[in-house]
Amino acid sequence: MAATSAGLGSMIQNVNKVKHISCFSSSMMSNGIRRRRISTCIRLYQSQLKTKKKSVSVPQRMVGVVGLEIHAQINSLSKLFSASEVRFLAPPNSLVSFFDASLPGTLPVLNKRCVEAAVMTALALNCSINRKSLFDRKHYFYADMPAGYQITQQRLPIAVDGKLTYSYLGGPKRNQMLTKNVNIKQIQLEQDSGKSLHDEPHNQTLIDLNRAGVGLMEIVMEPEMSCGEEAAAAVRELQLILQTLGTCRGNMSEGQLRVDANVSVHMPGEPLGIRTEVKNINSARFLARAIDYEIQRQTDLLEQGGTVQNETRAFDQKTSTTVPMRDKEDFQDYRFMPEPNLPPLRVYDSASVPAGLDSSQLVLVDQLQAGLPELPSVRRERLVRTYSILPEHSFTLVNDDELLDYFESVMKSTKAAPSKVIGWVMKELVGSLNQQNLEISQSPVSPHALAELLDLLEAGHISSSAAKHVFTELWKSPGKSAEQIVQEQDLGLLSDPVQLRSVCQRVVDTHPEQVRAIKQGNQKVLNKLMGEVQKETKGRANPVQLRAILQEMVSV
């Protein structure tokens with residue numbers, strides 16, 4: 001036993017030596033080669049231990065930790081503290097009030113719609129609503145912030161302690177639906193800044209204040225995610241919730257949803273590492289890339305003996321890398337102070353409205369709770385429960401309201417099973433739409449037309465191959481019905497036994513080698529003969545009758 005232990009210890013030392021040499025020598029090589037060498041050493045190590053029938057843990061790798069700060073632009077007609085209109089692509093500086101430009105003597109007037117949007121979002125995310133919240137001034141200078149401070153909620157935000165549940169495809173083959181939760185620290189109301197447009201050829205910066213003062217909800221998620229895929233899934237779920245509520249349009253390309261990712265790495269069981277912040281990511285796909293790159297960058301840096309800097313970085317979409325913007329080594333003193341021109345923000349329940357206050361002017365939490373629409377997670381559960389479809393299909397349907405309406409319209413008009421309907425909608429309909437870059441509302445095949453086609457297939461009047469042909473014809477001729485196309489092109493299922501036997505006999509006579517193979521026991525060849533018959537009948541042969549007739553003929 002002692003000899004075995006000594007041998008095992010020697011083996012581990014040797015393997016560690018090899019791994020150490022690989023790590024050291026790979027500092028002059030590409031990261032891809034480096035990782036390949038380490039994984040090769042680990043595989044060799046594991047195979048040796050397997051031979052010895054011993055179990056020794058593989059050296060741990062660093063893990064990533066991700067937290068998100070999401071700025072969601074509130075879907076409202078006017079800004080958070082002024083009556084200026086909110087509109088995308090308006091001429092520069094055309095939507096700016098005196099308050100937005102910070103002219104002396106102007107005062108903020110809180111937009112009730114923005115408060116309601118924040119409360120609705122908080123309720124949908126299972127947050128606790130603070131019946132009393134406060135506004136603060138956050139002081140810092142940007143050229144596109146005329147006042148030199150931002151009105152936000154630092155000390156006491158409108159909502160805290162929420163939870164977001166999200167799902168994504170994972171597992172070894174990326175075919176398992178994984179569901180996780182991330183805690184939400186807080187939701188706060190704040191105003192947006194303007195926009196700086198850098199004109200490098202002329203060495204100047206132009207300022208557009210149209211966005212200055214637009215209402216934002218800052219949603220802060222705890223650092224509980226581990227990779228870019230998880231973060232992207234969480235953002236997509238949040239985006240869908242906001243769009244369902246109508247509190248934010250969620251168009252990331254227009255800046256209506258902007259994400260800052262805080263990323264760090266550490267060894268499991270040890271304290272969290274130094275984090276970097278990747279700012280203003282405007283796509284869930286780019287968010288996943290930025291986070292995964294940053295986790296790998298920090299891991300490589302630490303393994304090579306370097307130090308991660310507490311800094312702000314930007315994501316370069318062209319190279320799929322993060323690049324430094326500015327460091328955060330010095331403490332940034334925002335000199336927070338209570339906003340003197342805004343009283344505490346109070347929200348109520350209907351039963352707790354103080355006497356003398358007009359309830360129509362107040363934000364009533366219970367009424368907003370009662371008016372919440374069906375949330376995406378509830379809708380997905382309903383679809384799976386009602387139609388017995390796969391969870392991944394429910395995600396696809398809920399992600400597109402028009403597609404969901406189409407599916408449910410077909411279900412109301414057809415006798416076909418939901419599994420068949422979802423297959424046709426996902427494969428034939430969506431596939432054809434994608435090929436021609438069309439929206440669901442532009443589909444030439446209406447839900448009623450698809451339902452009629454599926455009923456013909458379900459009743460056994462046409463074969464599956466003929467049904468696909470009819471779908472193609474419906475796409476080309478939207479004015480025709482499925483039954484009309486079947487009659488015009490004589491696509492009805494061929495069930496006459498005499499006619500079928502005649503075609504089958506002709507195929508058997510012209511394919512003696514296949515018949516010989518079947519008689520010798522290769523039953524798979526029978527499918528080839530069936531295919532030949534279907535060619536001659538243009539897919540009209542009844543497959544059940546066809547198989548029975550062919551089996552009888554080749555068994556003689």
# chains A, B, ... in the order shown; residues from 1 in each chain; ligands from 1
$ select_by_dssp --residues "segment 106-322 of chain A" --states "alpha helix (DSSP H)" --output "MDAnalysis selection string"
chainID A and resid 112:124 228:245 284:303
$ write_last_selection --atoms "C-alpha atoms" --output "PDB file, in the first residue's frame"
ATOM      1  CA  LYS A 112     -46.317  60.112 -13.193  1.00  0.00           C
ATOM      2  CA  ARG A 113     -46.107  57.706 -16.144  1.00  0.00           C
ATOM      3  CA  CYS A 114     -42.415  57.085 -15.438  1.00  0.00           C
ATOM      4  CA  VAL A 115     -43.140  56.237 -11.815  1.00  0.00           C
ATOM      5  CA  GLU A 116     -45.911  53.829 -12.841  1.00  0.00           C
ATOM      6  CA  ALA A 117     -43.575  52.145 -15.330  1.00  0.00           C
ATOM      7  CA  ALA A 118     -40.936  51.633 -12.635  1.00  0.00           C
ATOM      8  CA  VAL A 119     -43.512  50.181 -10.207  1.00  0.00           C
ATOM      9  CA  MET A 120     -44.936  47.820 -12.863  1.00  0.00           C
ATOM     10  CA  THR A 121     -41.434  46.623 -13.754  1.00  0.00           C
ATOM     11  CA  ALA A 122     -40.591  46.087 -10.094  1.00  0.00           C
ATOM     12  CA  LEU A 123     -43.769  44.076  -9.528  1.00  0.00           C
ATOM     13  CA  ALA A 124     -43.053  41.878 -12.557  1.00  0.00           C
ATOM     14  CA  GLY A 228     -21.740  35.466 -21.259  1.00  0.00           C
ATOM     15  CA  GLU A 229     -24.454  33.016 -22.270  1.00  0.00           C
ATOM     16  CA  GLU A 230     -26.177  33.291 -18.896  1.00  0.00           C
ATOM     17  CA  ALA A 231     -25.990  37.092 -18.930  1.00  0.00           C
ATOM     18  CA  ALA A 232     -27.360  37.278 -22.476  1.00  0.00           C
ATOM     19  CA  ALA A 233     -30.248  34.968 -21.552  1.00  0.00           C
ATOM     20  CA  ALA A 234     -31.061  37.117 -18.502  1.00  0.00           C
ATOM     21  CA  VAL A 235     -31.059  40.295 -20.615  1.00  0.00           C
ATOM     22  CA  ARG A 236     -33.263  38.719 -23.289  1.00  0.00           C
ATOM     23  CA  GLU A 237     -35.760  37.617 -20.637  1.00  0.00           C
ATOM     24  CA  LEU A 238     -35.756  41.077 -19.058  1.00  0.00           C
ATOM     25  CA  GLN A 239     -36.181  42.655 -22.497  1.00  0.00           C
ATOM     26  CA  LEU A 240     -39.196  40.438 -23.163  1.00  0.00           C
ATOM     27  CA  ILE A 241     -40.747  41.304 -19.782  1.00  0.00           C
ATOM     28  CA  LEU A 242     -40.317  45.050 -20.373  1.00  0.00           C
ATOM     29  CA  GLN A 243     -41.837  44.787 -23.844  1.00  0.00           C
ATOM     30  CA  THR A 244     -44.773  42.756 -22.505  1.00  0.00           C
ATOM     31  CA  LEU A 245     -45.392  45.360 -19.806  1.00  0.00           C
ATOM     32  CA  ALA A 284     -27.337  40.527 -26.182  1.00  0.00           C
ATOM     33  CA  ARG A 285     -25.063  38.727 -28.648  1.00  0.00           C
ATOM     34  CA  PHE A 286     -22.275  41.269 -28.141  1.00  0.00           C
ATOM     35  CA  LEU A 287     -22.836  41.089 -24.372  1.00  0.00           C
ATOM     36  CA  ALA A 288     -22.126  37.343 -24.400  1.00  0.00           C
ATOM     37  CA  ARG A 289     -18.997  37.850 -26.499  1.00  0.00           C
ATOM     38  CA  ALA A 290     -17.700  40.723 -24.352  1.00  0.00           C
ATOM     39  CA  ILE A 291     -18.142  38.822 -21.081  1.00  0.00           C
ATOM     40  CA  ASP A 292     -16.602  35.575 -22.329  1.00  0.00           C
ATOM     41  CA  TYR A 293     -13.644  37.475 -23.787  1.00  0.00           C
ATOM     42  CA  GLU A 294     -13.148  39.406 -20.560  1.00  0.00           C
ATOM     43  CA  ILE A 295     -13.269  36.238 -18.424  1.00  0.00           C
ATOM     44  CA  GLN A 296     -10.641  34.609 -20.649  1.00  0.00           C
ATOM     45  CA  ARG A 297      -8.501  37.772 -20.699  1.00  0.00           C
ATOM     46  CA  GLN A 298      -8.478  38.063 -16.915  1.00  0.00           C
ATOM     47  CA  THR A 299      -7.813  34.316 -16.473  1.00  0.00           C
ATOM     48  CA  ASP A 300      -4.862  34.405 -18.866  1.00  0.00           C
ATOM     49  CA  LEU A 301      -3.500  37.544 -17.219  1.00  0.00           C
ATOM     50  CA  LEU A 302      -3.607  36.080 -13.705  1.00  0.00           C
ATOM     51  CA  GLU A 303      -2.175  32.716 -14.774  1.00  0.00           C
TER      52      GLU A 303
END
$ residues_around --residues "Lys132 of chain A" --least-positions-apart "4" --cutoff "12 Å" --atoms "only C-alpha atoms" --output "short mmCIF file (atom, residue, chain, number, x, y, z; two decimals) with C-alpha atoms, in the first residue's frame"
data_model
loop_
_atom_site.label_atom_id
_atom_site.label_comp_id
_atom_site.auth_asym_id
_atom_site.auth_seq_id
_atom_site.Cartn_x
_atom_site.Cartn_y
_atom_site.Cartn_z
CA SER A 128 -40.35 45.01 -2.80
CA GLN A 153 -31.99 57.53 -6.47
CA ARG A 155 -30.00 56.35 -0.87
CA LEU A 156 -33.52 54.95 -1.14
CA PRO A 157 -34.59 53.64 -4.58
CA ILE A 158 -38.16 52.91 -5.61
CA ALA A 159 -37.74 49.11 -5.43
CA PRO A 343 -39.94 65.98 -2.24
CA PRO A 344 -39.92 62.28 -1.27
CA LEU A 345 -41.68 60.10 -3.82
CA ARG A 346 -44.62 58.27 -2.25
CA VAL A 347 -46.74 55.49 -3.72
CA TYR A 348 -49.84 54.01 -2.12
CA VAL A 363 -49.54 55.96 -8.13
#
$ residues_around --residues "Lys468 of chain A" --least-positions-apart "5" --cutoff "9 Å" --atoms "only C-alpha atoms" --output "PDB file with N, CA and C atoms, in the first residue's frame"
ATOM      1  N   GLU A 428     -42.011  24.811 -41.752  1.00  0.00           N
ATOM      2  CA  GLU A 428     -42.459  25.268 -43.066  1.00  0.00           C
ATOM      3  C   GLU A 428     -42.713  26.777 -43.089  1.00  0.00           C
ATOM      4  N   SER A 463     -51.016  12.910 -48.844  1.00  0.00           N
ATOM      5  CA  SER A 463     -49.824  12.414 -48.146  1.00  0.00           C
ATOM      6  C   SER A 463     -49.031  13.597 -47.595  1.00  0.00           C
ATOM      7  N   GLU A 473     -47.631  25.765 -52.986  1.00  0.00           N
ATOM      8  CA  GLU A 473     -48.591  26.372 -53.912  1.00  0.00           C
ATOM      9  C   GLU A 473     -49.425  27.448 -53.228  1.00  0.00           C
TER      10      GLU A 473
END
$ atom_distance --atom1 "atom CA of Leu357 of chain A" --atom2 "atom CA of Gly371 of chain A"
22.2 Å
$ closest_residue --among "A:Gln186, A:Gln523, A:Gln436, A:Thr510" --to "Leu125 of chain A" --atoms "only C-alpha atoms"
A:Gln186
$ residues_around --residues "segment 483-498 of chain A" --least-positions-apart "6" --cutoff "8 Å" --atoms "only C-alpha atoms" --output "PyMOL selection string"
chain A and resi 452-453+456+460-463+466+470+473-474+537-538+540-542+545
$ residues_around --residues "segment 136-148 of chain A" --least-positions-apart "4" --cutoff "7 Å" --atoms "only C-alpha atoms" --output "list in words"
Ala101, Ser102, Thr152, Gln153, Gln154, Ser193, Gly194, Lys195, Ser196, Ile207, Leu209, Tyr334, Arg335, Phe336, Met337, Pro338 and Glu339 of chain A
$ select_by_dssp --residues "segment 171-374 of chain A" --states "strand (DSSP E)" --output "ChimeraX atom specification"
/A:176-191,195-199,204-208,215-221,257-266,276-281,311-316,321-327,337-338,345-346
$ closest_residue --among "A:Leu372, A:Ile422, A:Ala212, A:Met62" --to "Arg87 of chain A" --atoms "only C-alpha atoms"
A:Ala212
$ atom_distance --atom1 "atom CA of Ser78 of chain A" --atom2 "atom CA of Gly215 of chain A"
8.4 Å
$ residues_around --residues "Ser432 of chain A" --least-positions-apart "5" --cutoff "9 Å" --atoms "only C-alpha atoms" --output "number ranges by chain"
A: 427, 437-438, 443, 475
